[in-house]
$ cat start-v3.cif   # mmCIF, N, CA, C and O atoms
data_final
loop_
_atom_site.label_atom_id
_atom_site.label_comp_id
_atom_site.auth_asym_id
_atom_site.auth_seq_id
_atom_site.Cartn_x
_atom_site.Cartn_y
_atom_site.Cartn_z
N MET A 1 17.16 6.27 -3.06
CA MET A 1 15.90 5.77 -3.59
C MET A 1 14.91 6.92 -3.62
O MET A 1 14.85 7.72 -2.69
N LYS A 2 14.10 6.97 -4.66
CA LYS A 2 13.12 8.05 -4.80
C LYS A 2 12.00 7.91 -3.77
O LYS A 2 11.67 6.80 -3.34
N LEU A 3 11.44 9.06 -3.42
CA LEU A 3 10.39 9.11 -2.40
C LEU A 3 9.21 8.20 -2.74
O LEU A 3 8.73 7.46 -1.89
N GLU A 4 8.77 8.23 -3.99
CA GLU A 4 7.57 7.43 -4.34
C GLU A 4 7.82 5.93 -4.20
O GLU A 4 6.92 5.17 -3.86
N TYR A 5 9.05 5.49 -4.43
CA TYR A 5 9.37 4.07 -4.25
C TYR A 5 9.38 3.69 -2.77
O TYR A 5 8.90 2.62 -2.40
N ILE A 6 9.93 4.57 -1.96
CA ILE A 6 9.95 4.34 -0.52
C ILE A 6 8.52 4.28 0.03
O ILE A 6 8.18 3.38 0.80
N VAL A 7 7.70 5.23 -0.39
CA VAL A 7 6.30 5.26 0.06
C VAL A 7 5.57 4.01 -0.40
O VAL A 7 4.84 3.39 0.38
N PHE A 8 5.77 3.61 -1.66
CA PHE A 8 5.11 2.41 -2.17
C PHE A 8 5.51 1.18 -1.37
O PHE A 8 4.66 0.40 -0.94
N LEU A 9 6.82 0.99 -1.19
CA LEU A 9 7.29 -0.21 -0.48
C LEU A 9 6.85 -0.25 0.97
O LEU A 9 6.43 -1.30 1.47
N SER A 10 6.92 0.89 1.65
CA SER A 10 6.51 0.90 3.05
C SER A 10 5.00 0.68 3.18
O SER A 10 4.55 -0.07 4.05
N THR A 11 4.23 1.33 2.31
CA THR A 11 2.78 1.14 2.34
C THR A 11 2.41 -0.30 2.03
O THR A 11 1.59 -0.91 2.72
N PHE A 12 3.04 -0.87 1.00
CA PHE A 12 2.74 -2.25 0.62
C PHE A 12 3.06 -3.20 1.77
O PHE A 12 2.25 -4.07 2.11
N THR A 13 4.23 -3.04 2.37
CA THR A 13 4.65 -3.94 3.44
C THR A 13 3.70 -3.89 4.63
O THR A 13 3.26 -4.93 5.14
N VAL A 14 3.37 -2.68 5.06
CA VAL A 14 2.48 -2.54 6.22
C VAL A 14 1.08 -3.06 5.90
O VAL A 14 0.49 -3.81 6.67
N PHE A 15 0.55 -2.69 4.73
CA PHE A 15 -0.83 -3.04 4.43
C PHE A 15 -1.02 -4.50 4.01
O PHE A 15 -2.12 -5.03 4.13
N ILE A 16 0.03 -5.17 3.54
CA ILE A 16 -0.13 -6.59 3.24
C ILE A 16 -0.32 -7.38 4.54
O ILE A 16 -1.14 -8.28 4.63
N PHE A 17 0.45 -6.98 5.57
CA PHE A 17 0.25 -7.63 6.88
C PHE A 17 -1.11 -7.28 7.46
O PHE A 17 -1.78 -8.13 8.04
N GLU A 18 -1.52 -6.04 7.28
CA GLU A 18 -2.83 -5.61 7.77
C GLU A 18 -3.94 -6.37 7.04
O GLU A 18 -4.91 -6.82 7.66
N GLY A 19 -3.78 -6.55 5.74
CA GLY A 19 -4.78 -7.29 4.97
C GLY A 19 -4.87 -8.75 5.40
O GLY A 19 -5.97 -9.32 5.52
N LEU A 20 -3.73 -9.36 5.63
CA LEU A 20 -3.72 -10.75 6.09
C LEU A 20 -4.32 -10.88 7.48
O LEU A 20 -5.03 -11.85 7.78
N LEU A 21 -4.04 -9.92 8.34
CA LEU A 21 -4.62 -9.93 9.68
C LEU A 21 -6.14 -9.81 9.61
O LEU A 21 -6.86 -10.56 10.28
N HIS A 22 -6.64 -8.91 8.77
CA HIS A 22 -8.09 -8.80 8.60
C HIS A 22 -8.69 -10.09 8.03
O HIS A 22 -9.80 -10.48 8.40
N PHE A 23 -7.97 -10.73 7.12
CA PHE A 23 -8.43 -12.00 6.57
C PHE A 23 -8.59 -13.03 7.68
O PHE A 23 -9.60 -13.72 7.77
N MET A 24 -7.57 -13.11 8.55
CA MET A 24 -7.61 -14.08 9.65
C MET A 24 -8.72 -13.75 10.64
O MET A 24 -9.39 -14.65 11.15
N ILE A 25 -8.94 -12.46 10.90
CA ILE A 25 -10.02 -12.06 11.80
C ILE A 25 -11.37 -12.49 11.21
O ILE A 25 -12.24 -12.99 11.93
N GLY A 26 -11.51 -12.31 9.91
CA GLY A 26 -12.75 -12.72 9.24
C GLY A 26 -12.99 -14.21 9.29
O GLY A 26 -14.13 -14.67 9.33
N LYS A 27 -11.92 -14.99 9.29
CA LYS A 27 -12.04 -16.45 9.37
C LYS A 27 -12.11 -16.95 10.80
O LYS A 27 -12.35 -18.13 11.04
N HIS A 28 -11.87 -16.06 11.78
CA HIS A 28 -11.90 -16.39 13.21
C HIS A 28 -10.87 -17.43 13.60
O HIS A 28 -11.08 -18.21 14.53
N LYS A 29 -9.75 -17.48 12.86
CA LYS A 29 -8.66 -18.38 13.21
C LYS A 29 -7.40 -17.92 12.46
O LYS A 29 -7.47 -17.13 11.53
N ILE A 30 -6.27 -18.43 12.90
CA ILE A 30 -5.01 -18.09 12.24
C ILE A 30 -4.82 -19.06 11.08
O ILE A 30 -4.52 -20.24 11.27
N VAL A 31 -5.03 -18.54 9.90
CA VAL A 31 -4.93 -19.35 8.69
C VAL A 31 -4.53 -18.43 7.54
O VAL A 31 -4.94 -17.27 7.49
N LEU A 32 -3.69 -18.92 6.66
CA LEU A 32 -3.33 -18.14 5.48
C LEU A 32 -4.39 -18.33 4.40
O LEU A 32 -5.02 -19.38 4.31
N PRO A 33 -4.57 -17.30 3.57
CA PRO A 33 -5.58 -17.41 2.51
C PRO A 33 -5.15 -18.40 1.43
O PRO A 33 -3.97 -18.67 1.24
N GLN A 34 -6.15 -18.93 0.73
CA GLN A 34 -5.86 -19.75 -0.44
C GLN A 34 -5.23 -18.85 -1.50
O GLN A 34 -5.33 -17.63 -1.44
N ILE A 35 -4.60 -19.44 -2.49
CA ILE A 35 -3.83 -18.68 -3.47
C ILE A 35 -4.68 -17.64 -4.20
O ILE A 35 -4.22 -16.51 -4.40
N ASP A 36 -5.91 -17.97 -4.57
CA ASP A 36 -6.74 -17.00 -5.28
C ASP A 36 -7.14 -15.83 -4.37
O ASP A 36 -7.17 -14.67 -4.81
N GLU A 37 -7.38 -16.11 -3.10
CA GLU A 37 -7.68 -15.05 -2.14
C GLU A 37 -6.43 -14.20 -1.87
O GLU A 37 -6.52 -12.97 -1.76
N ALA A 38 -5.28 -14.84 -1.79
CA ALA A 38 -4.04 -14.12 -1.55
C ALA A 38 -3.73 -13.18 -2.71
O ALA A 38 -3.29 -12.05 -2.51
N ILE A 39 -3.96 -13.65 -3.93
CA ILE A 39 -3.74 -12.82 -5.11
C ILE A 39 -4.65 -11.60 -5.08
O ILE A 39 -4.22 -10.48 -5.39
N GLN A 40 -5.90 -11.77 -4.71
CA GLN A 40 -6.83 -10.65 -4.61
C GLN A 40 -6.36 -9.64 -3.57
O GLN A 40 -6.40 -8.43 -3.80
N ILE A 41 -5.90 -10.12 -2.43
CA ILE A 41 -5.41 -9.23 -1.37
C ILE A 41 -4.20 -8.45 -1.88
O ILE A 41 -4.12 -7.23 -1.71
N VAL A 42 -3.26 -9.14 -2.53
CA VAL A 42 -2.06 -8.49 -3.03
C VAL A 42 -2.41 -7.45 -4.10
O VAL A 42 -1.86 -6.34 -4.09
N ILE A 43 -3.32 -7.77 -4.99
CA ILE A 43 -3.71 -6.82 -6.04
C ILE A 43 -4.31 -5.55 -5.43
O ILE A 43 -3.95 -4.43 -5.82
N VAL A 44 -5.20 -5.71 -4.48
CA VAL A 44 -5.81 -4.54 -3.83
C VAL A 44 -4.75 -3.71 -3.12
O VAL A 44 -4.73 -2.48 -3.25
N VAL A 45 -3.85 -4.36 -2.41
CA VAL A 45 -2.82 -3.63 -1.67
C VAL A 45 -1.87 -2.93 -2.65
O VAL A 45 -1.48 -1.79 -2.42
N VAL A 46 -1.51 -3.57 -3.75
CA VAL A 46 -0.63 -2.94 -4.75
C VAL A 46 -1.30 -1.70 -5.34
O VAL A 46 -0.67 -0.64 -5.45
N VAL A 47 -2.57 -1.81 -5.70
CA VAL A 47 -3.28 -0.67 -6.30
C VAL A 47 -3.30 0.51 -5.33
O VAL A 47 -2.95 1.64 -5.70
N PHE A 48 -3.66 0.27 -4.09
CA PHE A 48 -3.75 1.38 -3.13
C PHE A 48 -2.38 1.87 -2.69
O PHE A 48 -2.23 3.05 -2.38
N SER A 49 -1.37 1.01 -2.72
CA SER A 49 0.00 1.46 -2.44
C SER A 49 0.48 2.39 -3.54
O SER A 49 1.14 3.40 -3.27
N LEU A 50 0.18 2.06 -4.79
CA LEU A 50 0.54 2.94 -5.91
C LEU A 50 -0.18 4.28 -5.82
O LEU A 50 0.42 5.33 -6.04
N ILE A 51 -1.46 4.23 -5.50
CA ILE A 51 -2.22 5.48 -5.33
C ILE A 51 -1.61 6.33 -4.23
O ILE A 51 -1.41 7.53 -4.39
N ASN A 52 -1.28 5.70 -3.10
CA ASN A 52 -0.67 6.42 -1.99
C ASN A 52 0.67 7.02 -2.39
O ASN A 52 1.00 8.15 -2.02
N ALA A 53 1.47 6.27 -3.15
CA ALA A 53 2.78 6.77 -3.59
C ALA A 53 2.62 7.97 -4.51
O ALA A 53 3.35 8.96 -4.40
N MET A 54 1.65 7.92 -5.42
CA MET A 54 1.42 9.04 -6.33
C MET A 54 0.91 10.27 -5.59
O MET A 54 1.35 11.40 -5.87
N VAL A 55 0.03 10.07 -4.64
CA VAL A 55 -0.48 11.19 -3.84
C VAL A 55 0.66 11.81 -3.03
O VAL A 55 0.80 13.03 -2.96
N SER A 56 1.49 10.96 -2.43
CA SER A 56 2.63 11.46 -1.64
C SER A 56 3.61 12.23 -2.51
O SER A 56 4.12 13.28 -2.11
N LYS A 57 3.86 11.73 -3.72
CA LYS A 57 4.75 12.43 -4.64
C LYS A 57 4.17 13.79 -5.02
O LYS A 57 4.89 14.79 -5.06
N TYR A 58 2.88 13.84 -5.28
CA TYR A 58 2.23 15.09 -5.65
C TYR A 58 2.25 16.09 -4.49
O TYR A 58 2.53 17.27 -4.69
N ILE A 59 1.99 15.63 -3.29
CA ILE A 59 2.03 16.50 -2.11
C ILE A 59 3.46 17.03 -1.92
O ILE A 59 3.65 18.21 -1.63
N ASN A 60 4.46 16.17 -2.10
CA ASN A 60 5.85 16.60 -2.00
C ASN A 60 6.17 17.64 -3.08
O ASN A 60 6.85 18.63 -2.81
N TYR A 61 5.67 17.42 -4.28
CA TYR A 61 5.87 18.37 -5.38
C TYR A 61 5.26 19.73 -5.03
O TYR A 61 5.89 20.77 -5.23
N LEU A 62 4.03 19.72 -4.53
CA LEU A 62 3.38 20.97 -4.15
C LEU A 62 4.14 21.68 -3.04
O LEU A 62 4.29 22.91 -3.06
N GLU A 63 4.62 20.91 -2.08
CA GLU A 63 5.38 21.49 -0.98
C GLU A 63 6.65 22.17 -1.50
O GLU A 63 6.96 23.30 -1.12
N GLN A 64 7.36 21.50 -2.39
CA GLN A 64 8.58 22.08 -2.96
C GLN A 64 8.27 23.30 -3.82
O GLN A 64 9.02 24.29 -3.81
N LYS A 65 7.18 23.25 -4.55
CA LYS A 65 6.79 24.35 -5.43
C LYS A 65 6.47 25.61 -4.62
O LYS A 65 6.87 26.71 -4.99
N TYR A 66 5.77 25.46 -3.51
CA TYR A 66 5.36 26.61 -2.73
C TYR A 66 6.46 27.11 -1.79
O TYR A 66 6.35 28.21 -1.26
N LYS A 67 7.53 26.33 -1.62
CA LYS A 67 8.67 26.79 -0.84
C LYS A 67 9.50 27.80 -1.63
O LYS A 67 10.19 28.61 -1.06
N GLU A 68 9.44 27.68 -2.95
CA GLU A 68 10.23 28.56 -3.82
C GLU A 68 9.69 29.97 -3.87
O GLU A 68 8.64 30.32 -3.64
#
$ encode --input "start-v3.cif" --output "structure tokens"
Amino acid sequence: MKLEYIVFLSTFTVFIFEGLLHFMIGKHKIVLPQIDEAIQIVIVVVVFSLINAMVSKYINYLEQKYKE
């Protein structure tokens, strides 16, 4: 599997749980978000996971370029 896919999936998995935990902390109880709130959380996490994957790919590219 390519590095950017691994970074995306790992970032998404970790941050979706982190986002849900913050949601529950904000509600002061253990409760899952309503569907519209859950969609917003997932969209934000997907966007930032993609950004993180692209940055990681670019950093890896620079590292390989300067090793040569």
$ atom_distance --input "start-v3.cif" --atom1 "atom N of Ser56 (chain A)" --atom2 "atom N of Glu37 (chain A)"
28.5 Å
$ residues_around --input "start-v3.cif" --residues "Leu50 (chain A)" --least-positions-apart "3" --cutoff "6 Å" --atoms "only C-alpha atoms" --output "list of chain:residue names"
A:Phe8, A:Val47, A:Ala53
$ residues_around --input "start-v3.cif" --residues "region 11-17 of chain A" --least-positions-apart "6" --cutoff "7 Å" --atoms "all atoms listed in the file" --output "list in words"
Tyr5, Phe23, Ile41, Val42, Val45, Val46 and Ser49 of chain A
$ axis_aligned_box --input "start-v3.cif" --around "region 56-64 of chain A" --padding-each-side "5 Å" --output "AutoDock Vina command-line options"
--center_x 5.3 --center_y 17.6 --center_z -3.3 --size_x 17.5 --size_y 23.3 --size_z 14.7
$ atom_distance --input "start-v3.cif" --atom1 "atom O of Glu4 (chain A)" --atom2 "atom O of Asn60 (chain A)"
13.5 Å
$ atom_distance --input "start-v3.cif" --atom1 "CA of Lys57 (chain A)" --atom2 "CA of Val7 (chain A)"
8.7 Å
$ build_atoms --input "start-v3.cif" --residues "region 51-62 of chain A" --atoms "all heavy atoms" --output "PDB file, in the frame of the given file"
ATOM      1  N   ILE A  51      -1.460   4.230  -5.500  1.00  0.00           N
ATOM      2  CA  ILE A  51      -2.220   5.480  -5.330  1.00  0.00           C
ATOM      3  C   ILE A  51      -1.610   6.330  -4.230  1.00  0.00           C
ATOM      4  O   ILE A  51      -1.410   7.530  -4.390  1.00  0.00           O
ATOM      5  CB  ILE A  51      -3.710   5.182  -5.053  1.00  0.00           C
ATOM      6  CG1 ILE A  51      -4.376   4.588  -6.287  1.00  0.00           C
ATOM      7  CG2 ILE A  51      -4.445   6.450  -4.599  1.00  0.00           C
ATOM      8  CD1 ILE A  51      -5.763   4.020  -6.033  1.00  0.00           C
ATOM      9  N   ASN A  52      -1.280   5.700  -3.100  1.00  0.00           N
ATOM     10  CA  ASN A  52      -0.670   6.420  -1.990  1.00  0.00           C
ATOM     11  C   ASN A  52       0.670   7.020  -2.390  1.00  0.00           C
ATOM     12  O   ASN A  52       1.000   8.150  -2.020  1.00  0.00           O
ATOM     13  CB  ASN A  52      -0.519   5.504  -0.786  1.00  0.00           C
ATOM     14  CG  ASN A  52      -0.083   6.247   0.438  1.00  0.00           C
ATOM     15  OD1 ASN A  52      -0.644   7.277   0.781  1.00  0.00           O
ATOM     16  ND2 ASN A  52       0.922   5.728   1.111  1.00  0.00           N
ATOM     17  N   ALA A  53       1.470   6.270  -3.150  1.00  0.00           N
ATOM     18  CA  ALA A  53       2.780   6.770  -3.590  1.00  0.00           C
ATOM     19  C   ALA A  53       2.620   7.970  -4.510  1.00  0.00           C
ATOM     20  O   ALA A  53       3.350   8.960  -4.400  1.00  0.00           O
ATOM     21  CB  ALA A  53       3.559   5.664  -4.293  1.00  0.00           C
ATOM     22  N   MET A  54       1.650   7.920  -5.420  1.00  0.00           N
ATOM     23  CA  MET A  54       1.420   9.040  -6.330  1.00  0.00           C
ATOM     24  C   MET A  54       0.910  10.270  -5.590  1.00  0.00           C
ATOM     25  O   MET A  54       1.350  11.400  -5.870  1.00  0.00           O
ATOM     26  CB  MET A  54       0.438   8.639  -7.443  1.00  0.00           C
ATOM     27  CG  MET A  54       1.030   7.653  -8.422  1.00  0.00           C
ATOM     28  SD  MET A  54      -0.021   7.278  -9.850  1.00  0.00           S
ATOM     29  CE  MET A  54      -1.406   6.482  -9.083  1.00  0.00           C
ATOM     30  N   VAL A  55       0.030  10.070  -4.640  1.00  0.00           N
ATOM     31  CA  VAL A  55      -0.480  11.190  -3.840  1.00  0.00           C
ATOM     32  C   VAL A  55       0.660  11.810  -3.030  1.00  0.00           C
ATOM     33  O   VAL A  55       0.800  13.030  -2.960  1.00  0.00           O
ATOM     34  CB  VAL A  55      -1.643  10.748  -2.930  1.00  0.00           C
ATOM     35  CG1 VAL A  55      -1.988  11.808  -1.910  1.00  0.00           C
ATOM     36  CG2 VAL A  55      -2.866  10.402  -3.769  1.00  0.00           C
ATOM     37  N   SER A  56       1.490  10.960  -2.430  1.00  0.00           N
ATOM     38  CA  SER A  56       2.630  11.460  -1.640  1.00  0.00           C
ATOM     39  C   SER A  56       3.610  12.230  -2.510  1.00  0.00           C
ATOM     40  O   SER A  56       4.120  13.280  -2.110  1.00  0.00           O
ATOM     41  CB  SER A  56       3.361  10.309  -0.965  1.00  0.00           C
ATOM     42  OG  SER A  56       2.520   9.675  -0.044  1.00  0.00           O
ATOM     43  N   LYS A  57       3.860  11.730  -3.720  1.00  0.00           N
ATOM     44  CA  LYS A  57       4.750  12.430  -4.640  1.00  0.00           C
ATOM     45  C   LYS A  57       4.170  13.790  -5.020  1.00  0.00           C
ATOM     46  O   LYS A  57       4.890  14.790  -5.060  1.00  0.00           O
ATOM     47  CB  LYS A  57       4.980  11.591  -5.893  1.00  0.00           C
ATOM     48  CG  LYS A  57       5.940  12.231  -6.868  1.00  0.00           C
ATOM     49  CD  LYS A  57       6.177  11.367  -8.077  1.00  0.00           C
ATOM     50  CE  LYS A  57       7.126  12.056  -9.047  1.00  0.00           C
ATOM     51  NZ  LYS A  57       7.371  11.260 -10.233  1.00  0.00           N
ATOM     52  N   TYR A  58       2.880  13.840  -5.280  1.00  0.00           N
ATOM     53  CA  TYR A  58       2.230  15.090  -5.650  1.00  0.00           C
ATOM     54  C   TYR A  58       2.250  16.090  -4.490  1.00  0.00           C
ATOM     55  O   TYR A  58       2.530  17.270  -4.690  1.00  0.00           O
ATOM     56  CB  TYR A  58       0.789  14.829  -6.112  1.00  0.00           C
ATOM     57  CG  TYR A  58       0.100  16.079  -6.603  1.00  0.00           C
ATOM     58  CD1 TYR A  58       0.517  16.707  -7.767  1.00  0.00           C
ATOM     59  CD2 TYR A  58      -0.953  16.627  -5.897  1.00  0.00           C
ATOM     60  CE1 TYR A  58      -0.107  17.857  -8.217  1.00  0.00           C
ATOM     61  CE2 TYR A  58      -1.587  17.779  -6.336  1.00  0.00           C
ATOM     62  CZ  TYR A  58      -1.160  18.387  -7.505  1.00  0.00           C
ATOM     63  OH  TYR A  58      -1.774  19.532  -7.938  1.00  0.00           O
ATOM     64  N   ILE A  59       1.990  15.630  -3.290  1.00  0.00           N
ATOM     65  CA  ILE A  59       2.030  16.500  -2.110  1.00  0.00           C
ATOM     66  C   ILE A  59       3.460  17.030  -1.920  1.00  0.00           C
ATOM     67  O   ILE A  59       3.650  18.210  -1.630  1.00  0.00           O
ATOM     68  CB  ILE A  59       1.532  15.765  -0.853  1.00  0.00           C
ATOM     69  CG1 ILE A  59       0.030  15.543  -0.956  1.00  0.00           C
ATOM     70  CG2 ILE A  59       1.876  16.540   0.413  1.00  0.00           C
ATOM     71  CD1 ILE A  59      -0.536  14.627   0.110  1.00  0.00           C
ATOM     72  N   ASN A  60       4.460  16.170  -2.100  1.00  0.00           N
ATOM     73  CA  ASN A  60       5.850  16.600  -2.000  1.00  0.00           C
ATOM     74  C   ASN A  60       6.170  17.640  -3.080  1.00  0.00           C
ATOM     75  O   ASN A  60       6.850  18.630  -2.810  1.00  0.00           O
ATOM     76  CB  ASN A  60       6.789  15.402  -2.107  1.00  0.00           C
ATOM     77  CG  ASN A  60       8.213  15.767  -1.824  1.00  0.00           C
ATOM     78  OD1 ASN A  60       8.503  16.447  -0.852  1.00  0.00           O
ATOM     79  ND2 ASN A  60       9.112  15.319  -2.675  1.00  0.00           N
ATOM     80  N   TYR A  61       5.670  17.420  -4.280  1.00  0.00           N
ATOM     81  CA  TYR A  61       5.870  18.370  -5.380  1.00  0.00           C
ATOM     82  C   TYR A  61       5.260  19.730  -5.030  1.00  0.00           C
ATOM     83  O   TYR A  61       5.890  20.770  -5.230  1.00  0.00           O
ATOM     84  CB  TYR A  61       5.254  17.817  -6.660  1.00  0.00           C
ATOM     85  CG  TYR A  61       5.065  18.851  -7.745  1.00  0.00           C
ATOM     86  CD1 TYR A  61       6.143  19.292  -8.502  1.00  0.00           C
ATOM     87  CD2 TYR A  61       3.799  19.390  -7.998  1.00  0.00           C
ATOM     88  CE1 TYR A  61       5.961  20.252  -9.491  1.00  0.00           C
ATOM     89  CE2 TYR A  61       3.618  20.347  -8.973  1.00  0.00           C
ATOM     90  CZ  TYR A  61       4.709  20.779  -9.721  1.00  0.00           C
ATOM     91  OH  TYR A  61       4.537  21.727 -10.689  1.00  0.00           O
ATOM     92  N   LEU A  62       4.030  19.720  -4.530  1.00  0.00           N
ATOM     93  CA  LEU A  62       3.380  20.970  -4.150  1.00  0.00           C
ATOM     94  C   LEU A  62       4.140  21.680  -3.040  1.00  0.00           C
ATOM     95  O   LEU A  62       4.290  22.910  -3.060  1.00  0.00           O
ATOM     96  CB  LEU A  62       1.932  20.715  -3.717  1.00  0.00           C
ATOM     97  CG  LEU A  62       0.954  20.307  -4.810  1.00  0.00           C
ATOM     98  CD1 LEU A  62      -0.400  20.011  -4.202  1.00  0.00           C
ATOM     99  CD2 LEU A  62       0.846  21.383  -5.879  1.00  0.00           C
TER     100      LEU A  62
END
